[in-house]
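Data block below; observations after.
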Amino acid sequence: MSTTTGMITVNGLRKAYGGRVAVADVSFAVAEGEIFGILGPNGAGKTTTVECVEGLRTPDAGTVRVAGLDPVADHREVTRLLGAQLQESELQPKITVREALELYASFHTRPADWRPLAERLGLTDHLAVRFAKLSGGQKQRLSIALALVGDPRAVVLDELTTGLDPRARRETWALIEDVRARGVTVLLVTHFMEEAQRLCDRIAVIDGGRVAALDTPAGLIRRATVSTVVSFTPSAPLDDRELAALPGAASVRTQEDGRVVVEGTDDTVEAVVSLLARHRVTAHQLRVAEATLDDAFLDLTTGADR
Amino acid sequence: MNTTVLKTEARLFAREPGSVFWVTVSPTLLLVVLGLIPSFRKASDDLGGLRVVDLYVPVSVLFALIMAGLQAMPPVLTGYRERGILRRMRTTPVRPSALLTAQLLVHAAVALVSAALVVTVGRAAFGVRLPGQPAGYVLALLLAVAGALALGAAVCAVSRTQKIATAVGSAVFFPTMFTAGVWVPVQAMPDTLRGIVHLTPFGAASEALGDAAAGGWPGWTHLGVMALWTALLTWAAARWFRWE
């Protein structure tokens with residue numbers, strides 16, 4: 001794929017701190033209006049990569065461009081069109097939500113109206129509350145609002161929904177989809193598979209400072225070695241070897257409670273069902289689970305987390 | 001200069017009761033407490049016909065400056081760095097230096113207001129004469145404010161964390177208070193000690209303010225010492241300040 005066009009392009013990026021290589025070789029291009037995810041285990045180099053995009057760090061090698069601009073050399077120009085939500089960045093402890101929104105709006109020549117933004121992020125009832133008194137989720141939502149208040153053409157969101165409860169997380173996802181619908185390009189760093197699967201058009205899986213895979217969520221799932229898992233409690237004992245010989249079956253095991261778990265492909269599912277019918281065995285609590293992005297992620301990465 | 005940044009930082013200062021008290025109230029309180037002691041309101045030949053309370057007006061003014069520059073400002077600046085506030089600002093079109101500039105301006109303004117309050121209360125409550133050489137007094141005062149803020153900024157620059165800044169600040173605080181004459185006014189110090197104290201930023205400031213209060217133009221040596229310290233400390237602060 002081409003890495004010379006796009007709203008955000010990263011080409012052959014390398015960054016080391018002292019002797020420790022954080023990013024070895026990362027390349028990707030984010031098209032205008034795309035939601036692009038960066039997924040990877042802790043310490044994979046995700047945050048360093050986006051910090052180079054934000055111009056907070058200078059790459060050791062490679063090029064980074066935002067709308068054709070160099071985030072380090074043209075830093076101020078880039079800050080005008082790129083909003084950023086940083087991981088673990090606070091505000092003045094006694095600043096109120098309203099003051100923070102007004103302050104960050106004042107940094108831009110043509111800011112967005114912060115009121116609908118605050119409303120959308122559920123901050124309207126907390127405008128007079130000081131930053132230090134906000135809950136973790138409220139701080140996170142304010143941080144997202146501050147990244148968007150400059151009405152940017154592109155936005156980098158690092159750990160977007162960390163600290164949010166499931167409802168706030170879904171509301172935030174809806175907001176990001178709205179933002180994209182207005183043509184804003186989104187670069188999203190996450191370790192939530194559900195979030196990546198739901199939001200991203202394409203995902204770069206980064207592991208050990210390199211791009212391990214770059215594809216659509218569906219494309220990544222297809223790469224998983226295990227695509228389907230069938231499990232059931234048989235009414236009579238079955239021979240594991242017979243199950244293992246079925247087409248596409250990758251593994252068979254019987255749990256302590258007698259439940260049989262067969263990993264394989266779609267073909268395996270049909271074969272299991274006909275095998276049961278032949279033996280006149282009833283399958284209680286039959287479950288068929290598709291492979292998820294989780295499975296693909298685990299196959300693609302070898303990070304220290306595992 | 002982004003005025004919203006300045007306005008916001010001024011509001012935030014007003015929300016710190018400790019800083020508000022120590023910078024704006026405590027210097028005048030110090031003067032009032034000392035002025036209530038009857039013997040301090042009697043002219044003394046040892047002090048060249050001045051009263052103790054007369055000497056404590058410039059001392060209280062310097063006390064206000066030290067409180068602003070060394071006690072109030074460093075924890076704020078190091079906190080902004082530690083909490084990633086400066087870092088977040090780097091992702092916006094406004095430079096994080098705007099935040100530091102706003103902090104310096106707010107603390108300078110509050111220190112000057114406090115100094116004016118000390119002079120006013122000294123005049124109204126204890127009949128301390130207003131500075132005889134107002135232009136010289138203002139010049140010495142502005143140089144002293146710059147010196148106090150530069151010292152505070154230098155403390156932030158050499159301290160990696162907020163905790164270290166508080167420790168370094170306290171270590172610098174006591175000698176600064178001493179040289180400003182908080183315990184013994186510089187004019188009442190033995191000659192040898194006074195000679196040494198003259199070379200410190202607040203010792204020189206104390207003499208310069210004393211000269212101008214008495215109606216003379218502050219000595220150029222004193223102004224020179226203050227300017228030199230301010231330049232040196234500003235250079236050190238700029239040289240070693242870390243944004244994250």
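By order in the structure tokens, chains are A, B, ...; within a chain, residues start at 1; ligands start at 1, following the order shown.
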Please identify all polymer residues within 9 Å of Gly12 (chain A), counting only C-alpha atoms, omitting same-chain residues fewer than 3 positions from it, and present them as a ChimeraX atom specification.
/A:24-28,61-64
Take the selection from the previous step and output its residues with C-alpha atoms, as a CSV table (one decimal), in the first residue's frame.
chain,number,residue,atom,x,y,z
A,24,ALA,CA,11.8,-0.2,15.4
A,25,ASP,CA,10.1,0.2,12.0
A,26,VAL,CA,6.6,1.5,11.7
A,27,SER,CA,4.8,2.6,8.5
A,28,PHE,CA,1.2,3.3,7.8
A,61,ALA,CA,14.7,7.9,11.6
A,62,GLY,CA,11.8,7.8,9.1
A,63,THR,CA,9.3,10.5,8.2
A,64,VAL,CA,6.0,11.5,9.7
Chain B residues within 12 Å of chain A, counting only C-alpha atoms: which ones, as a PyMOL selection string?
chain B and resi 1-17+76-96+98-99+243-244
Could you list, as a list in words, every residue within 10 Å of Met193 (chain A), counting only C-alpha atoms and ignoring same-chain residues fewer than 2 positions away?
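Skipping anything fewer than 2 positions along the chain leaves Leu39, Gly40, Thr190, His191, Glu195, Ala196, Gln197, Arg198, Leu199, Pro217, Thr292, Leu293, Asp294, Asp295, Ala296 and Phe297 of chain A.
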Output for the residues just chosen: N, CA and C atoms as a PDB file, in the first residue's frame:
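Saved the output as part.pdb:
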ATOM      1  N   LEU A  39      -3.281  -0.973  17.508  1.00  0.00           N
ATOM      2  CA  LEU A  39      -3.585  -1.967  18.525  1.00  0.00           C
ATOM      3  C   LEU A  39      -2.275  -2.668  18.855  1.00  0.00           C
ATOM      4  N   GLY A  40      -2.081  -2.997  20.098  1.00  0.00           N
ATOM      5  CA  GLY A  40      -0.861  -3.725  20.426  1.00  0.00           C
ATOM      6  C   GLY A  40      -0.738  -3.903  21.914  1.00  0.00           C
ATOM      7  N   THR A 190      -5.592   1.948  21.083  1.00  0.00           N
ATOM      8  CA  THR A 190      -6.478   1.257  22.014  1.00  0.00           C
ATOM      9  C   THR A 190      -5.933  -0.113  22.358  1.00  0.00           C
ATOM     10  N   HIS A 191      -6.411  -0.652  23.477  1.00  0.00           N
ATOM     11  CA  HIS A 191      -6.185  -2.071  23.687  1.00  0.00           C
ATOM     12  C   HIS A 191      -7.504  -2.798  23.925  1.00  0.00           C
ATOM     13  N   GLU A 195     -13.643  -2.111  21.013  1.00  0.00           N
ATOM     14  CA  GLU A 195     -13.588  -0.738  20.529  1.00  0.00           C
ATOM     15  C   GLU A 195     -12.999  -0.678  19.123  1.00  0.00           C
ATOM     16  N   ALA A 196     -11.905  -1.403  18.941  1.00  0.00           N
ATOM     17  CA  ALA A 196     -11.238  -1.409  17.639  1.00  0.00           C
ATOM     18  C   ALA A 196     -12.166  -2.003  16.580  1.00  0.00           C
ATOM     19  N   GLN A 197     -12.823  -3.114  16.950  1.00  0.00           N
ATOM     20  CA  GLN A 197     -13.706  -3.800  16.010  1.00  0.00           C
ATOM     21  C   GLN A 197     -14.895  -2.930  15.626  1.00  0.00           C
ATOM     22  N   ARG A 198     -15.437  -2.224  16.617  1.00  0.00           N
ATOM     23  CA  ARG A 198     -16.612  -1.401  16.399  1.00  0.00           C
ATOM     24  C   ARG A 198     -16.293  -0.153  15.573  1.00  0.00           C
ATOM     25  N   LEU A 199     -15.174   0.514  15.904  1.00  0.00           N
ATOM     26  CA  LEU A 199     -14.925   1.837  15.340  1.00  0.00           C
ATOM     27  C   LEU A 199     -14.037   1.862  14.094  1.00  0.00           C
ATOM     28  N   PRO A 217     -10.739  -4.862  10.399  1.00  0.00           N
ATOM     29  CA  PRO A 217     -11.005  -5.783  11.512  1.00  0.00           C
ATOM     30  C   PRO A 217     -11.382  -7.185  11.001  1.00  0.00           C
ATOM     31  N   THR A 292     -12.723 -14.051  17.383  1.00  0.00           N
ATOM     32  CA  THR A 292     -12.863 -12.610  17.565  1.00  0.00           C
ATOM     33  C   THR A 292     -11.525 -11.947  17.263  1.00  0.00           C
ATOM     34  N   LEU A 293     -11.561 -10.622  17.331  1.00  0.00           N
ATOM     35  CA  LEU A 293     -10.330  -9.868  17.155  1.00  0.00           C
ATOM     36  C   LEU A 293      -9.323 -10.259  18.244  1.00  0.00           C
ATOM     37  N   ASP A 294      -9.848 -10.639  19.412  1.00  0.00           N
ATOM     38  CA  ASP A 294      -8.970 -11.124  20.488  1.00  0.00           C
ATOM     39  C   ASP A 294      -8.088 -12.261  20.009  1.00  0.00           C
ATOM     40  N   ASP A 295      -8.731 -13.234  19.346  1.00  0.00           N
ATOM     41  CA  ASP A 295      -7.971 -14.403  18.892  1.00  0.00           C
ATOM     42  C   ASP A 295      -6.917 -13.984  17.874  1.00  0.00           C
ATOM     43  N   ALA A 296      -7.335 -13.095  16.946  1.00  0.00           N
ATOM     44  CA  ALA A 296      -6.395 -12.620  15.931  1.00  0.00           C
ATOM     45  C   ALA A 296      -5.234 -11.902  16.600  1.00  0.00           C
ATOM     46  N   PHE A 297      -5.575 -11.071  17.589  1.00  0.00           N
ATOM     47  CA  PHE A 297      -4.568 -10.286  18.301  1.00  0.00           C
ATOM     48  C   PHE A 297      -3.556 -11.212  18.975  1.00  0.00           C
TER      49      PHE A 297
END
Can you work out the spacing between CA of Thr282 (chain A) and CA of Val230 (chain A) in Å, to one decimal?
14.2 Å
When DSSP is applied to the backbone of this structure, which of region 103-157 of chain A are assigned helix (DSSP H, G or I)? Write them out as a PyMOL selection string.
chain A and resi 103-106+114-120+124-126+131-133+136-148
Quote the spacing between CA of Ala153 (chain B) and CA of His107 (chain B) in Å to one decimal place.
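Atom-to-atom, CA of Ala153 (chain B) and CA of His107 (chain B) are spaced 11.6 Å apart.
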Can you build me a table of region 61-93 of chain B residues sitting at most 6 Å from region 138-150 of chain B, with the closest atom pair per residue and its distance in Å to one decimal, using only C-alpha atoms, sorted by chain and residue number, as a Markdown table?
| residue | atom | partner | partner_atom | distance |
| --- | --- | --- | --- | --- |
| B:Leu65 | CA | B:Val145 | CA | 5.9 |
| B:Ile66 | CA | B:Ala148 | CA | 5.8 |
| B:Gly69 | CA | B:Leu149 | CA | 4.4 |
List as a compact mmCIF listing (two decimals) with C-alpha atoms, in the first residue's frame the protein and nucleic acid residues near region 192-207 of chain B, meaning an atom at most 9 Å away when only C-alpha atoms are counted, but skip any in the same chain fewer than 6 places from it.
# COMPACT_ATOMS: atom_id res chain seq x y z
CA PRO B 58 11.01 47.60 53.15
CA VAL B 59 11.60 44.28 54.95
CA LEU B 62 10.70 42.05 50.38
CA ILE B 66 9.99 36.22 48.56
CA ALA B 140 14.34 49.00 43.07
CA LEU B 141 11.01 47.27 43.70
CA LEU B 143 14.18 44.79 40.04
CA ALA B 144 13.55 42.99 43.34
CA GLY B 147 14.95 38.81 41.12
CA ALA B 148 12.47 36.96 43.36
CA THR B 176 16.81 34.74 51.54
CA MET B 177 14.67 35.84 54.49
CA PHE B 178 17.81 36.49 56.52
CA THR B 179 19.49 38.60 53.84
CA ALA B 180 16.26 40.54 53.30
CA GLY B 181 16.50 41.49 56.97
CA PRO B 185 17.14 44.57 59.36
CA VAL B 186 20.15 44.87 57.08
CA PRO B 218 19.27 53.96 45.35
CA GLY B 219 22.99 53.20 45.07
CA THR B 221 26.05 49.20 43.24
CA HIS B 222 22.91 47.84 44.87
CA LEU B 223 20.88 48.12 41.68
CA GLY B 224 23.78 46.53 39.77
CA VAL B 225 23.97 43.59 42.20
CA MET B 226 20.21 43.02 41.82
CA ALA B 227 20.33 43.23 38.03
CA LEU B 228 23.27 40.84 37.89
CA TRP B 229 21.53 38.26 40.09
CA THR B 230 18.32 38.55 38.07
